[in-house]
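Participant: Got my_file-v9.txt for you, compact mmCIF, C-alpha atoms:
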```txt
# COMPACT_ATOMS: atom_id res chain seq x y z
CA MET M 3 -76.24 -42.60 -52.56
CA SER M 4 -80.04 -42.61 -52.61
CA ALA M 5 -82.42 -40.03 -51.22
CA ALA M 6 -83.38 -42.43 -48.42
CA ASN M 7 -79.84 -42.37 -47.00
CA LEU M 8 -79.73 -38.56 -46.65
CA ASN M 9 -80.27 -37.02 -43.25
CA PRO M 10 -83.34 -34.79 -42.70
CA ILE M 11 -81.46 -31.49 -43.12
CA LEU M 12 -80.04 -32.52 -46.48
CA LYS M 13 -83.50 -33.72 -47.54
CA GLN M 14 -84.90 -30.25 -46.86
CA ILE M 15 -82.05 -28.64 -48.79
CA ALA M 16 -82.64 -31.00 -51.70
CA LYS M 17 -86.40 -30.25 -51.66
CA GLY M 18 -85.69 -26.52 -51.67
CA ALA M 19 -83.23 -26.89 -54.53
CA PHE M 20 -85.71 -28.92 -56.60
CA LYS M 21 -88.47 -26.42 -55.85
CA LEU M 22 -86.29 -23.47 -56.87
CA GLY M 23 -85.20 -25.33 -59.99
CA ASN M 24 -88.80 -25.99 -61.04
CA HIS M 25 -90.01 -22.46 -60.21
CA ASN M 26 -86.99 -20.34 -61.04
CA ASP M 27 -88.57 -17.00 -61.85
CA PRO M 28 -86.58 -13.82 -62.59
CA LEU M 29 -88.52 -12.18 -59.77
CA ASN M 30 -87.02 -14.61 -57.25
CA VAL M 31 -83.51 -13.82 -58.43
CA VAL M 32 -83.85 -10.04 -58.24
CA LEU M 33 -85.58 -10.21 -54.87
CA ALA M 34 -82.72 -12.30 -53.52
CA ILE M 35 -80.23 -9.78 -54.87
CA ALA M 36 -82.21 -6.88 -53.38
CA LEU M 37 -82.35 -8.67 -50.03
CA PHE M 38 -78.61 -9.27 -49.88
CA LYS M 39 -77.79 -5.76 -51.10
CA GLY M 40 -80.27 -4.31 -48.61
CA ILE M 41 -78.46 -6.07 -45.78
CA ASN M 42 -74.83 -6.00 -46.85
CA ARG M 43 -74.43 -2.53 -48.33
CA PRO M 44 -75.60 -0.69 -45.18
CA LEU M 45 -73.57 -3.12 -43.07
CA PHE M 46 -70.37 -2.44 -44.99
CA THR M 47 -71.08 1.28 -45.00
CA MET M 48 -71.34 1.26 -41.21
CA MET M 49 -68.07 -0.67 -40.95
CA ASP M 50 -66.09 2.17 -42.56
CA LYS M 51 -63.98 3.50 -39.69
CA GLU M 52 -62.71 6.61 -41.45
CA SER M 53 -66.09 8.24 -42.20
CA ASP M 54 -68.09 10.54 -39.96
CA PRO M 55 -70.68 8.55 -37.92
CA GLN M 56 -73.57 10.77 -38.99
CA VAL M 57 -72.62 10.45 -42.66
CA LYS M 58 -72.36 6.68 -42.29
CA LYS M 59 -75.80 6.42 -40.72
CA TYR M 60 -77.33 8.60 -43.41
CA ALA M 61 -75.70 6.64 -46.24
CA ALA M 62 -76.55 3.25 -44.74
CA PHE M 63 -80.20 4.18 -44.23
CA ARG M 64 -80.43 5.57 -47.75
CA GLU M 65 -78.90 2.43 -49.28
CA GLY M 66 -81.22 0.17 -47.32
CA LEU M 67 -84.23 2.26 -48.28
CA THR M 68 -83.20 2.13 -51.94
CA GLU M 69 -83.21 -1.67 -51.86
CA VAL M 70 -86.62 -1.73 -50.14
CA ILE M 71 -87.97 0.52 -52.90
CA ALA M 72 -86.39 -1.78 -55.49
CA ALA M 73 -87.95 -4.92 -54.00
CA ILE M 74 -91.40 -3.30 -53.76
CA THR M 75 -91.13 -2.08 -57.36
CA TYR M 76 -90.15 -5.54 -58.63
CA VAL M 77 -93.07 -7.20 -56.85
CA ALA M 78 -95.62 -4.53 -57.83
CA THR M 79 -94.59 -4.60 -61.49
CA ASN M 80 -94.77 -8.38 -61.52
CA LYS M 81 -98.20 -8.53 -59.86
CA ILE M 82 -99.72 -5.76 -61.95
CA LEU M 83 -98.42 -6.62 -65.42
CA VAL M 84 -97.49 -10.31 -65.74
CA ASN M 85 -100.75 -12.25 -65.24
CA PRO M 86 -103.06 -9.99 -67.26
CA LEU M 87 -100.58 -9.73 -70.13
CA ALA M 88 -99.78 -13.45 -70.03
CA LYS M 89 -103.47 -14.40 -70.22
CA TYR M 90 -104.07 -11.96 -73.05
CA LEU M 91 -101.02 -13.11 -75.04
CA THR M 92 -101.84 -16.79 -74.47
CA LYS M 93 -105.36 -16.24 -75.76
CA LYS M 94 -104.16 -14.26 -78.79
CA THR M 95 -101.16 -16.39 -79.76
CA GLY M 96 -102.11 -19.81 -78.41
CA GLY M 97 -98.63 -20.19 -76.88
CA SER M 98 -97.61 -21.81 -73.62
CA PHE M 99 -98.84 -19.85 -70.61
CA GLY M 100 -95.75 -20.80 -68.57
CA LYS M 101 -93.23 -19.69 -71.17
CA ILE M 102 -95.08 -16.44 -71.83
CA THR M 103 -95.24 -15.79 -68.08
CA ASN M 104 -91.49 -16.37 -67.65
CA GLY M 105 -90.72 -14.08 -70.57
CA LEU M 106 -92.99 -11.34 -69.23
CA GLU M 107 -91.46 -11.65 -65.76
CA PHE M 108 -88.03 -11.11 -67.28
CA LEU M 109 -89.28 -8.07 -69.20
CA CYS M 110 -90.91 -6.67 -66.05
CA VAL M 111 -87.65 -7.07 -64.14
CA CYS M 112 -85.80 -5.23 -66.92
CA LEU M 113 -88.44 -2.48 -67.02
CA SER M 114 -88.27 -2.07 -63.26
CA ALA M 115 -84.48 -1.96 -63.13
CA ALA M 116 -84.05 0.40 -66.07
CA LEU M 117 -86.92 2.82 -65.55
CA LEU M 118 -89.26 2.31 -62.61
CA ILE M 119 -86.79 1.91 -59.72
CA PRO M 120 -84.79 5.08 -60.56
CA LEU M 121 -88.08 6.96 -60.99
CA ALA M 122 -89.44 5.67 -57.67
CA CYS M 123 -86.18 6.49 -55.89
CA ASN M 124 -86.24 10.04 -57.25
CA LEU M 125 -89.82 10.49 -56.07
CA VAL M 126 -89.55 8.78 -52.68
CA LEU M 127 -86.01 9.09 -51.29
CA ASN M 128 -85.75 12.86 -50.77
CA PRO M 129 -89.11 13.30 -48.98
CA VAL M 130 -88.43 10.28 -46.75
CA MET M 131 -84.91 11.42 -45.91
CA ASN M 132 -86.18 14.93 -45.12
CA GLY M 133 -88.87 13.41 -42.88
CA VAL M 134 -86.27 11.34 -41.07
CA LYS M 135 -84.17 14.46 -40.51
CA LYS M 136 -87.20 16.21 -38.98
CA LEU M 137 -88.00 13.22 -36.77
CA THR M 138 -84.48 12.90 -35.44
CA GLY M 139 -84.23 16.65 -34.94
CA LYS M 140 -80.70 16.73 -36.24
CA LYS M 141 -79.92 19.07 -39.02
CA LYS M 142 -77.21 18.16 -41.43
CA SER M 143 -74.39 20.59 -40.97
CA SER M 144 -74.03 23.00 -43.81
CA VAL M 145 -70.98 22.90 -45.98
CA ASN M 146 -67.94 23.95 -44.02
CA LYS M 147 -67.44 27.61 -44.66
CA LEU M 148 -64.02 28.62 -45.82
CA ASP M 149 -62.34 30.81 -43.24
CA ILE M 150 -60.23 33.27 -45.16
CA LYS M 151 -58.31 35.85 -43.22
CA GLU M 152 -56.33 38.55 -44.89
CA ASN M 153 -53.74 40.71 -43.27
CA GLU M 154 -54.77 44.27 -43.59
CA VAL M 155 -52.11 46.53 -44.99
CA SER M 156 -52.34 49.96 -43.51
CA ASN M 157 -49.59 51.70 -45.41
CA ILE M 158 -49.99 51.33 -49.11
CA ALA M 159 -47.01 52.64 -50.94
CA VAL M 160 -47.97 54.71 -53.93
CA PRO M 161 -45.61 54.29 -56.84
CA ALA M 162 -43.69 57.38 -57.75
CA GLN M 163 -44.72 59.27 -60.81
CA ILE M 164 -42.78 58.55 -63.91
CA SER M 165 -40.79 61.42 -65.16
CA THR M 166 -41.61 62.64 -68.61
CA HIS M 167 -38.24 62.01 -70.10
CA LYS M 168 -37.60 60.64 -73.52
CA ALA M 169 -38.68 56.98 -73.97
CA PRO M 170 -35.85 54.51 -74.48
CA VAL M 171 -35.24 53.20 -77.92
CA GLY M 172 -34.05 49.74 -78.83
CA PRO M 173 -35.04 46.08 -78.71
CA ASN M 174 -35.85 46.13 -74.96
CA SER M 175 -37.51 49.53 -74.93
CA LEU M 176 -41.03 48.26 -74.16
CA LEU M 177 -39.71 46.20 -71.25
CA GLN M 178 -37.89 49.21 -69.84
CA VAL M 179 -40.99 51.40 -70.16
CA LEU M 180 -43.13 48.85 -68.34
CA GLN M 181 -40.52 48.37 -65.62
CA ASN M 182 -40.34 52.08 -65.05
CA LYS M 183 -44.10 52.55 -65.08
CA TYR M 184 -45.08 49.64 -62.82
CA THR M 185 -42.84 49.41 -59.82
CA PRO M 186 -43.03 46.20 -57.85
CA TYR M 187 -45.18 46.28 -54.74
CA ASN M 188 -43.97 44.06 -51.92
CA GLY M 189 -46.32 45.23 -49.19
CA GLY M 190 -49.07 42.63 -49.70
CA ASN M 191 -49.19 39.47 -47.67
CA MET M 192 -52.36 37.42 -47.88
CA LYS M 193 -52.74 34.35 -45.70
CA VAL M 194 -55.58 31.91 -46.28
CA GLY M 195 -57.02 29.82 -43.45
CA VAL M 196 -54.68 31.02 -40.69
```
Can I see the file as structure tokens?
Facilitator:
Amino acid sequence: MSAANLNPILKQIAKGAFKLGNHNDPLNVVLAIALFKGINRPLFTMMDKESDPQVKKYAAFREGLTEVIAAITYVATNKILVNPLAKYLTKKTGGSFGKITNGLEFLCVCLSAALLIPLACNLVLNPVMNGVKKLTGKKKSSVNKLDIKENEVSNIAVPAQISTHKAPVGPNSLLQVLQNKYTPYNGGNMKVGV
């Protein structure tokens, strides 16, 4: 089948595939991944039926914002570092500008993923999420406080004084002394969360 026999939609798909094949940069790949993660992760988070709606909204927004930060970091690193370094290295080494550029793009993607994106997320996410909380006017509920109730015992039985008789002698003498000294106390009844 020749290219002339393809319908117009398939021709466009073929052109796009050839274009991506000729210009397959690491930046394109990571941006595509960030785009799909930025759409799908919040979507699947919101589809969880067992979670609290406020928690779902918070988590979905945070995941989407993380992917936006990632995409911006990938593009910024690529624009700032690749061309100047590629020109410098081509001039110094005399190598192919295209191959040096592709190698530097890959290194920039690795640098962004390993170091710059976590750093940017640590710097940006908390202030943005706090600003969103202020704008929406909803405060995140504090951690549920544990409600512990204890039954108050009014009559505390005082153990009787041990008589000063001669201590028992034998293999179980220590056990007998302790049993005589510390009488069991059955008056306590503590209930938690009732």
Participant: Can you work out which one of M:Thr75, M:Thr95, M:Ser175, M:Asn85 has the shortest atom-to-atom distance to Val126 (chain M), counting all atoms listed in the file?
Facilitator: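 Selected residue with least distance to Val126 (chain M): M:Thr75.
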Participant: Excluding region 45-51 of chain M and its own-chain neighbours fewer than 5 positions away, which residues fall within 8 Å of it when counting all atoms listed in the file? Please give them as number ranges by chain.
Facilitator: M: 58-59, 61-62
Participant: At most 6 Å from (-77.5, 2.9, -46.8), file frame, all atoms listed in the file: which residues, as a list in words?
Facilitator: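 Every polymer residue passing the test: Pro44, Ala61, Ala62, Phe63, Arg64, Glu65 and Gly66 of chain M.
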Participant: May I ask for the distance between CA of Asp54 (chain M) and CA of Asn124 (chain M), given in Å to one decimal place?
Facilitator: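 Taking CA of Asp54 (chain M) and CA of Asn124 (chain M), their separation equals 25.1 Å.
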Participant: Could you check which of M:Leu127, M:Leu87, M:Ile71, M:Val171 is closest to Thr103 (chain M), using all atoms listed in the file?
Facilitator: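 Comparing M:Leu127, M:Leu87, M:Ile71, M:Val171 against Thr103 (chain M), the winner is M:Leu87.
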Participant: Could you tell me how far CA of Asn26 (chain M) lies from CA of Gly105 (chain M), in Å and to one decimal?
Facilitator: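 Interatomic distance here is 12.0 Å.
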Participant: Using all atoms listed in the file, pick whichever of M:Ala116, M:Val111, M:Leu67, M:Val57 has the shortest atom-to-atom distance to Asn128 (chain M).
Facilitator: M:Leu67
Participant: Could you please determine the separation between CA of Phe108 (chain M) and CA of Pro28 (chain M) in Å, to one decimal place?
Facilitator: 5.6 Å
Participant: Which residue gives the smallest distance to Lys135 (chain M) among M:Phe20, M:Tyr184, M:Tyr60, M:Phe38, with all atoms listed in the file counted?
Facilitator: M:Tyr60
Participant: Compile the contact shell of Glu69 (chain M) as a ChimeraX atom specification: residues with an atom at most 8 Å away, counting only C-alpha atoms, same-chain residues fewer than 6 positions apart removed.
Facilitator: /M:36-37,39-40
Participant: Point out the residue among M:Ala73, M:Leu177, M:Ile15, M:Ile82 with the least atom-to-atom distance to Ala115 (chain M), counting all atoms listed in the file.
Facilitator: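 The answer is M:Ala73, which sits nearest to Ala115 (chain M).
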